[in-house]
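Note: the block below is model-v8.txt and it holds compact mmCIF, C-alpha atoms and all ligand atoms.
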# COMPACT_ATOMS: atom_id res chain seq x y z
CA MET A 1 43.55 -105.64 197.40
CA GLU A 2 44.63 -102.56 199.34
CA ARG A 3 42.07 -99.74 199.16
CA HIS A 4 43.17 -96.55 197.42
CA ARG A 5 43.80 -93.49 199.56
CA ILE A 6 42.46 -90.11 198.48
CA PHE A 7 43.10 -86.70 199.94
CA ILE A 8 40.85 -83.68 199.31
CA THR A 9 42.63 -80.44 200.07
CA ARG A 10 39.50 -78.54 201.18
CA GLN A 11 35.92 -79.32 202.14
CA ILE A 12 33.86 -79.64 198.92
CA PRO A 13 30.15 -80.54 198.54
CA GLU A 14 29.40 -83.87 200.22
CA GLU A 15 27.99 -85.49 197.04
CA GLY A 16 31.50 -85.70 195.53
CA ILE A 17 33.13 -86.90 198.75
CA GLU A 18 30.46 -89.63 199.12
CA MET A 19 31.17 -90.95 195.61
CA LEU A 20 34.86 -91.19 196.42
CA ARG A 21 34.21 -92.87 199.81
CA ARG A 22 32.48 -95.73 198.00
CA VAL A 23 35.73 -96.67 196.23
CA ALA A 24 38.54 -95.49 198.50
CA ASP A 25 39.61 -94.28 201.93
CA VAL A 26 39.09 -90.55 201.82
CA GLU A 27 40.46 -87.84 204.03
CA VAL A 28 39.42 -84.20 203.74
CA ASN A 29 41.41 -81.26 205.05
CA PRO A 30 39.36 -80.40 208.15
CA VAL A 31 40.37 -76.73 208.09
CA ASP A 32 38.33 -74.48 205.79
CA ALA A 33 41.34 -72.61 204.39
CA PRO A 34 44.01 -73.26 201.77
CA MET A 35 46.54 -75.74 203.10
CA ASP A 36 50.01 -74.85 204.17
CA ARG A 37 52.32 -76.10 201.40
CA ALA A 38 54.63 -78.20 203.61
CA GLU A 39 51.65 -79.77 205.36
CA LEU A 40 50.04 -80.60 202.01
CA LEU A 41 53.22 -82.18 200.62
CA ALA A 42 53.59 -84.30 203.76
CA ARG A 43 49.93 -85.31 203.68
CA ILE A 44 49.95 -86.65 200.09
CA ALA A 45 52.99 -88.93 200.61
CA ASP A 46 50.87 -92.12 200.61
CA CYS A 47 47.96 -90.95 198.44
CA HIS A 48 46.83 -92.53 195.19
CA GLY A 49 44.53 -89.67 194.28
CA VAL A 50 44.13 -86.00 195.20
CA VAL A 51 41.28 -83.55 194.62
CA GLY A 52 42.63 -80.01 194.90
CA LEU A 53 41.71 -76.41 194.29
CA LEU A 54 42.92 -73.48 192.24
CA THR A 55 44.84 -72.38 195.36
CA ASP A 56 46.99 -75.55 195.28
CA ARG A 57 50.09 -75.52 193.08
CA ILE A 58 50.28 -78.84 191.23
CA ASP A 59 53.84 -78.99 189.95
CA ALA A 60 56.98 -81.16 189.97
CA GLU A 61 57.44 -80.64 193.71
CA PHE A 62 53.85 -81.80 194.32
CA PHE A 63 54.30 -84.91 192.18
CA ASP A 64 57.68 -85.69 193.82
CA ALA A 65 55.95 -85.62 197.20
CA ALA A 66 53.37 -88.21 196.08
CA PRO A 67 55.27 -91.24 194.77
CA VAL A 68 52.21 -93.54 194.49
CA LEU A 69 49.91 -90.92 192.93
CA LYS A 70 47.74 -92.18 190.04
CA GLY A 71 46.01 -88.90 189.23
CA TYR A 72 44.96 -85.41 190.29
CA ALA A 73 41.48 -83.85 189.86
CA ASN A 74 41.12 -80.07 189.98
CA TYR A 75 37.95 -78.72 191.57
CA ALA A 76 37.89 -75.82 189.04
CA VAL A 77 37.68 -75.29 185.32
CA GLY A 78 40.72 -72.97 185.32
CA PHE A 79 43.93 -74.95 185.52
CA ASP A 80 46.71 -72.39 185.54
CA ASN A 81 47.62 -73.90 188.93
CA ILE A 82 48.59 -77.20 187.24
CA ASP A 83 51.80 -77.93 185.35
CA VAL A 84 50.04 -80.14 182.81
CA ALA A 85 53.23 -80.69 180.77
CA GLU A 86 55.02 -82.01 183.86
CA ALA A 87 52.10 -84.31 184.73
CA THR A 88 52.04 -85.61 181.16
CA ARG A 89 55.82 -86.17 181.17
CA ARG A 90 55.31 -88.36 184.24
CA GLY A 91 52.36 -90.21 182.70
CA LEU A 92 49.99 -88.80 185.34
CA PRO A 93 46.44 -87.86 184.35
CA VAL A 94 45.08 -84.51 185.55
CA SER A 95 41.57 -83.12 185.06
CA ASN A 96 39.41 -80.00 185.53
CA THR A 97 35.65 -79.30 185.73
CA PRO A 98 34.52 -77.60 182.50
CA GLY A 99 30.88 -77.22 181.50
CA VAL A 100 29.22 -77.46 184.89
CA LEU A 101 29.90 -73.85 185.91
CA THR A 102 29.42 -72.16 182.56
CA ASN A 103 26.03 -70.56 183.25
CA ALA A 104 26.84 -69.68 186.85
CA THR A 105 29.99 -67.81 185.84
CA ALA A 106 28.32 -66.11 182.87
CA GLU A 107 25.47 -64.99 185.16
CA CYS A 108 28.02 -63.62 187.61
CA ALA A 109 29.60 -61.59 184.80
CA TRP A 110 26.17 -60.07 184.07
CA ALA A 111 25.65 -59.35 187.77
CA LEU A 112 28.94 -57.45 187.81
CA LEU A 113 28.23 -55.68 184.53
CA PHE A 114 24.91 -54.35 185.77
CA ALA A 115 26.14 -53.63 189.27
CA ALA A 116 29.00 -51.55 187.86
CA ALA A 117 26.97 -49.81 185.15
CA ARG A 118 24.00 -48.98 187.40
CA ARG A 119 26.10 -48.23 190.49
CA VAL A 120 24.19 -50.81 192.52
CA VAL A 121 26.64 -51.22 195.39
CA GLU A 122 27.33 -47.51 195.74
CA SER A 123 23.59 -46.72 195.83
CA ASP A 124 22.89 -49.56 198.24
CA GLY A 125 25.53 -48.08 200.57
CA VAL A 126 23.80 -44.71 200.57
CA MET A 127 20.47 -46.33 201.47
CA ARG A 128 21.93 -48.42 204.26
CA SER A 129 23.81 -45.51 205.80
CA GLY A 130 20.63 -43.43 205.96
CA GLN A 131 22.13 -40.73 203.69
CA TRP A 132 19.42 -40.77 201.02
CA THR A 133 17.47 -37.54 200.99
CA GLY A 134 14.85 -38.56 198.41
CA TRP A 135 14.59 -38.87 194.61
CA GLY A 136 16.89 -36.58 192.66
CA PRO A 137 17.29 -36.05 188.90
CA LEU A 138 21.08 -36.17 189.01
CA GLN A 139 21.56 -38.98 191.50
CA PHE A 140 23.53 -42.11 190.60
CA ILE A 141 23.44 -41.70 186.86
CA GLY A 142 25.09 -44.73 185.28
CA GLY A 143 25.84 -46.30 181.94
CA ASP A 144 23.28 -47.61 179.41
CA VAL A 145 23.42 -51.30 178.55
CA SER A 146 20.75 -51.93 175.88
CA GLY A 147 21.97 -51.39 172.36
CA LYS A 148 25.59 -50.90 173.46
CA THR A 149 28.64 -52.87 172.34
CA LEU A 150 29.77 -55.90 174.33
CA GLY A 151 33.36 -57.07 173.80
CA ILE A 152 34.09 -60.68 174.78
CA VAL A 153 37.76 -61.48 175.37
CA GLY A 154 37.99 -65.24 175.09
CA ALA A 155 34.82 -66.58 173.47
CA GLY A 156 35.02 -70.11 174.83
CA ARG A 157 32.21 -71.80 176.77
CA ILE A 158 31.69 -69.08 179.38
CA GLY A 159 32.30 -66.12 177.07
CA THR A 160 29.83 -67.55 174.56
CA ALA A 161 27.19 -68.19 177.24
CA MET A 162 27.64 -64.68 178.60
CA ALA A 163 27.12 -63.11 175.18
CA LEU A 164 24.08 -65.33 174.41
CA MET A 165 22.47 -64.43 177.74
CA GLY A 166 22.57 -60.79 176.66
CA ARG A 167 20.27 -61.37 173.68
CA GLY A 168 17.46 -59.38 175.27
CA PHE A 169 19.62 -56.28 175.49
CA ASN A 170 20.18 -56.08 171.73
CA MET A 171 23.87 -55.47 172.09
CA LYS A 172 26.36 -55.45 169.28
CA VAL A 173 28.84 -58.22 170.11
CA LEU A 174 32.55 -58.23 169.30
CA TYR A 175 34.94 -60.99 170.29
CA THR A 176 38.60 -61.87 170.12
CA SER A 177 40.07 -65.31 169.62
CA SER A 178 43.63 -66.26 170.52
CA SER A 179 43.55 -69.11 167.99
CA GLY A 180 41.94 -66.96 165.29
CA ARG A 181 39.09 -69.50 165.13
CA ARG A 182 35.65 -68.05 164.46
CA ASN A 183 32.83 -68.72 166.92
CA ALA A 184 30.02 -70.04 164.68
CA VAL A 185 27.40 -69.83 167.45
CA LEU A 186 28.11 -66.20 168.26
CA GLU A 187 28.26 -65.25 164.61
CA SER A 188 25.03 -67.00 163.61
CA GLU A 189 23.00 -66.24 166.76
CA LEU A 190 24.19 -62.71 167.49
CA ASN A 191 25.82 -61.54 164.32
CA ALA A 192 28.97 -61.17 166.42
CA ARG A 193 32.17 -59.94 164.80
CA LEU A 194 35.63 -61.42 165.32
CA VAL A 195 37.98 -58.46 165.77
CA ASP A 196 41.55 -57.80 166.83
CA PHE A 197 42.25 -56.77 170.40
CA ASP A 198 42.74 -53.07 169.54
CA THR A 199 39.37 -52.86 167.78
CA LEU A 200 37.68 -54.56 170.71
CA LEU A 201 39.27 -52.06 173.11
CA ALA A 202 38.31 -49.06 171.01
CA GLU A 203 34.73 -50.03 170.15
CA SER A 204 33.37 -51.80 173.26
CA ASP A 205 31.19 -50.17 175.88
CA PHE A 206 31.54 -53.25 178.08
CA ILE A 207 34.44 -55.70 178.00
CA SER A 208 33.99 -59.06 179.69
CA ILE A 209 37.09 -61.20 180.23
CA HIS A 210 36.74 -64.98 179.82
CA THR A 211 40.19 -66.01 178.70
CA PRO A 212 42.31 -68.53 180.61
CA LEU A 213 45.44 -67.24 182.33
CA THR A 214 48.46 -68.03 180.14
CA PRO A 215 51.79 -66.26 179.61
CA ALA A 216 50.12 -64.46 176.66
CA THR A 217 47.14 -63.20 178.68
CA ARG A 218 48.96 -62.20 181.88
CA HIS A 219 48.58 -58.40 182.16
CA LEU A 220 46.74 -58.25 178.83
CA PHE A 221 44.91 -55.32 180.39
CA ASP A 222 47.45 -52.73 181.52
CA ALA A 223 47.74 -48.93 181.37
CA ALA A 224 48.20 -49.04 177.59
CA SER A 225 45.04 -51.14 177.07
CA PHE A 226 42.94 -48.98 179.39
CA SER A 227 44.09 -45.87 177.55
CA ARG A 228 42.70 -47.33 174.30
CA MET A 229 39.24 -47.98 175.83
CA LYS A 230 36.39 -45.46 175.78
CA PRO A 231 36.26 -43.27 178.90
CA THR A 232 32.62 -44.39 179.26
CA ALA A 233 33.49 -48.11 179.09
CA TYR A 234 33.38 -50.76 181.81
CA ILE A 235 35.48 -53.87 182.30
CA VAL A 236 34.29 -57.10 183.92
CA ASN A 237 36.57 -59.94 184.98
CA THR A 238 35.29 -63.34 186.11
CA ALA A 239 38.24 -65.29 184.64
CA ARG A 240 41.62 -64.93 186.35
CA GLY A 241 42.91 -61.87 188.20
CA PRO A 242 46.37 -61.58 186.63
CA VAL A 243 44.83 -60.96 183.19
CA ILE A 244 44.49 -57.41 184.55
CA LYS A 245 47.45 -55.48 185.90
CA GLU A 246 45.57 -54.38 188.99
CA ASP A 247 47.68 -51.32 189.90
CA ASP A 248 47.09 -50.00 186.38
CA LEU A 249 43.35 -50.62 186.75
CA VAL A 250 43.27 -48.64 190.00
CA ALA A 251 45.05 -45.76 188.25
CA ALA A 252 42.66 -45.94 185.27
CA LEU A 253 39.58 -45.96 187.50
CA LYS A 254 40.92 -43.05 189.57
CA ALA A 255 41.81 -40.97 186.55
CA GLY A 256 38.54 -41.66 184.73
CA THR A 257 40.39 -43.34 181.86
CA ILE A 258 37.52 -45.87 181.97
CA ALA A 259 34.16 -45.55 183.72
CA GLY A 260 34.12 -48.58 185.96
CA ALA A 261 34.89 -52.21 186.66
CA GLY A 262 33.26 -55.33 188.05
CA LEU A 263 35.70 -57.86 189.45
CA ASP A 264 35.35 -61.37 190.81
CA VAL A 265 39.05 -62.27 190.62
CA TYR A 266 42.28 -60.54 191.67
CA GLU A 267 45.93 -60.53 190.82
CA ASN A 268 47.05 -61.69 194.28
CA GLU A 269 44.04 -63.35 195.88
CA PRO A 270 42.84 -62.88 198.54
CA SER A 271 44.43 -59.39 198.50
CA MET A 272 43.36 -56.48 196.34
CA ALA A 273 45.68 -53.82 194.93
CA PRO A 274 46.09 -50.82 197.24
CA GLY A 275 43.36 -48.27 196.62
CA LEU A 276 40.95 -50.59 194.78
CA ALA A 277 38.54 -51.08 197.67
CA GLU A 278 38.28 -47.31 198.24
CA LEU A 279 36.94 -46.61 194.76
CA ASP A 280 33.21 -46.12 194.13
CA ASN A 281 33.41 -47.08 190.45
CA VAL A 282 34.36 -50.70 191.07
CA VAL A 283 32.28 -53.62 192.32
CA VAL A 284 34.32 -56.36 193.98
CA LEU A 285 33.17 -59.93 194.65
CA PRO A 286 35.18 -62.65 196.45
CA HIS A 287 35.75 -65.08 193.51
CA VAL A 288 32.21 -66.48 193.57
CA GLY A 289 31.58 -66.94 189.83
CA SER A 290 30.79 -70.65 190.19
CA ALA A 291 29.15 -70.34 193.61
CA THR A 292 25.66 -71.65 192.91
CA ARG A 293 24.28 -74.78 194.55
CA SER A 294 24.12 -76.84 191.36
CA SER A 295 27.46 -75.69 189.93
CA ARG A 296 29.43 -76.38 193.08
CA THR A 297 27.73 -79.77 193.53
CA ASP A 298 28.32 -80.71 189.89
CA MET A 299 31.96 -79.63 190.16
CA ALA A 300 32.36 -82.02 193.11
CA THR A 301 30.72 -84.98 191.37
CA LEU A 302 32.61 -84.37 188.11
CA ALA A 303 35.93 -84.16 189.98
CA ALA A 304 35.00 -87.39 191.79
CA ARG A 305 34.11 -89.22 188.56
CA ASN A 306 37.36 -88.02 187.03
CA LEU A 307 39.44 -89.24 189.95
CA ILE A 308 37.67 -92.60 190.08
CA ALA A 309 38.43 -93.08 186.37
CA MET A 310 42.10 -92.28 186.98
CA LEU A 311 42.30 -94.76 189.87
CA GLU A 312 40.76 -97.43 187.63
CA GLY A 313 43.24 -96.68 184.86
CA ARG A 314 40.64 -95.10 182.54
CA ARG A 315 40.89 -91.70 180.86
CA PRO A 316 38.87 -89.15 182.90
CA GLU A 317 35.90 -87.42 181.27
CA THR A 318 37.52 -84.02 181.26
CA CYS A 319 41.19 -84.87 181.01
CA LEU A 320 43.73 -82.07 180.58
CA ASN A 321 46.59 -84.19 179.24
CA PRO A 322 46.81 -84.23 175.46
C1 LIG A 401 37.21 -72.07 188.24
O1 LIG A 401 36.51 -73.09 188.22
O2 LIG A 401 38.23 -71.96 187.57
C2 LIG A 401 36.73 -70.93 189.08
O3 LIG A 401 37.63 -69.91 189.15
C3 LIG A 401 36.30 -71.38 190.44
O4 LIG A 401 35.16 -72.12 190.28

Final structure tokens representation of the file:
Amino acid sequence: MERHRIFITRQIPEEGIEMLRRVADVEVNPVDAPMDRAELLARIADCHGVVGLLTDRIDAEFFDAAPVLKGYANYAVGFDNIDVAEATRRGLPVSNTPGVLTNATAECAWALLFAAARRVVESDGVMRSGQWTGWGPLQFIGGDVSGKTLGIVGAGRIGTAMALMGRGFNMKVLYTSSSGRRNAVLESELNARLVDFDTLLAESDFISIHTPLTPATRHLFDAASFSRMKPTAYIVNTARGPVIKEDDLVAALKAGTIAGAGLDVYENEPSMAPGLAELDNVVVLPHVGSATRSSRTDMATLAARNLIAMLEGRRPETCLNP
């Protein structure tokens, strides 16, 4: 029987590629950058399976370009880059990588929260530039964390893990839920309170965003939302950039409408909104929430297992189709 052909749109950890090589002929994009769209569409013309990234748009045009495709595996938990309804309409399985990057992303949210609150990057810059003149009582005063209120927007796997990791800081935890479903773990472990979005904005000292990007969450945080937050509050985003209207965030940070922000994701990656990088009260990371050795390796092996299942006509472990 003819061996299946698989294309991987970017170099991923070798463990996943090796698994796929055992069952199929595998080609990996040799260039470490997102692929040009036309080149990608031409490349998948004879492929039975594709592993792609959040930077690849998986839509009707993609599926049209791959007439023998049996399935697509996303190397990411977020799947706003995939038209799942279109895949389902065509009977094509598509998958993502939930679970294996939960702790890594939650830890990254804490790194951003502390870095923003305690002005870590700003202070580090002063040390490195040789400008520090010695200890001073008014230098780099930041926000308190212990005992403050943490607002989780989107208390799914990562939002729940983030809140649980904060146990030692004795924070009051609020959360929102788009489905209205209560989070039993957060409520029993942390005494967390399900609130509406306005209450979360008004009462939180730290807001951490963990919601997927959907039409309902695009620009959930805009000038109006920032104006309802405390002027001493911080916002952290490790989910998807467009949940925040970035120009409005720049304006809010400049005006002191909120105290600061920690961002791992951006509205138009890899760009940042004009003015954002010049501000001292924001910490900016290059979308590295899942970038730990074990998470990235486990993402590769989960994506590989998913794609192998699809090629064998089985339902993948973490299938996105209903
Ligand atoms: C995801 O998985 O959705 C992250 O954004 C990248 O790991």

Residues of chain A that have any atom at most 6 Å from an atom of ligand LIG 401 (chain A): could you tabulate them with the shortest-distance atom pair and the distance in Å to one decimal, using all atoms listed in the file, ordered by chain and increasing number, as CSV?
residue,atom,partner,partner_atom,distance
A:Ala76,CA,A:LIG401,O1,3.2
A:Val77,CA,A:LIG401,O1,3.8
A:Gly78,CA,A:LIG401,O2,3.5
A:Ser290,CA,A:LIG401,O4,4.6

### Surrounding residues of A:Ile207 excluding itself and chain neighbours under 4 positions, 6 Å, only C-alpha atoms, as JSON, numbers by chain
{"A": [150, 151, 152, 235]}

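The spacing separating atom CA of A:Asp298 from atom CA of A:Asn321 amounts to 21.4 Å.
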
### Query
Counting all atoms listed in the file, what is within 10 Å of A:Gly147, bar same-chain residues fewer than 2 positions away, as an MDAnalysis selection string?
chainID A and resid 144:145 149:150 168:173 205

Considering all atoms listed in the file, give me a table of residues in stretch 140-202 of chain A that are at most 12 Å from stretch 280-289 of chain A, with the closest atom pair and distance in Å for each, as a tab-separated table.
residue	atom	partner	partner_atom	distance
A:Phe140	CA	A:Asp280	CA	11.1
A:Ile141	CA	A:Asn281	CA	11.9
A:Gly142	CA	A:Asn281	CA	10.1
A:Gly143	CA	A:Asn281	CA	11.4
A:Ile158	CA	A:Gly289	CA	10.7

### Task
List every protein, DNA or RNA residue that has an atom no more than 12 Å from (30.0, -58.6, 171.8) in the file's coordinate frame, counting all atoms listed in the file, and report them as a ChimeraX atom specification.
/A:145,147-155,159-167,169-176,183,186-187,189-195,199-201,203-209

### Query
Hey, what's within 6 Å of stretch 13-17 of chain A if we count only C-alpha atoms and toss same-chain stuff fewer than 4 positions away? As a PyMOL selection string, please?
chain A and resi 297+300-301+304

If you take only C-alpha atoms and a cut-off of 12 Å, which residues of stretch 6-121 of chain A touch stretch 126-139 of chain A, and what are their nearest atom pairs and distances in Å to one decimal, in chain and number order, as JSON lines?
{"residue": "A:Arg118", "atom": "CA", "partner": "A:Gln139", "partner_atom": "CA", "distance": 11.1}
{"residue": "A:Arg119", "atom": "CA", "partner": "A:Gln139", "partner_atom": "CA", "distance": 10.4}
{"residue": "A:Val120", "atom": "CA", "partner": "A:Val126", "partner_atom": "CA", "distance": 10.1}
{"residue": "A:Val121", "atom": "CA", "partner": "A:Val126", "partner_atom": "CA", "distance": 8.8}

### Task
Name all residues at most 10 Å from A:Arg43 (count all atoms listed in the file; drop same-chain ones fewer than 4 positions away) and give them as a list in words.
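Near A:Arg43, the qualifying residues are Phe7, Thr9, Glu27, Asn29, Arg37, Ala38, Glu39, Cys47, Ala65 and Ala66 of chain A.
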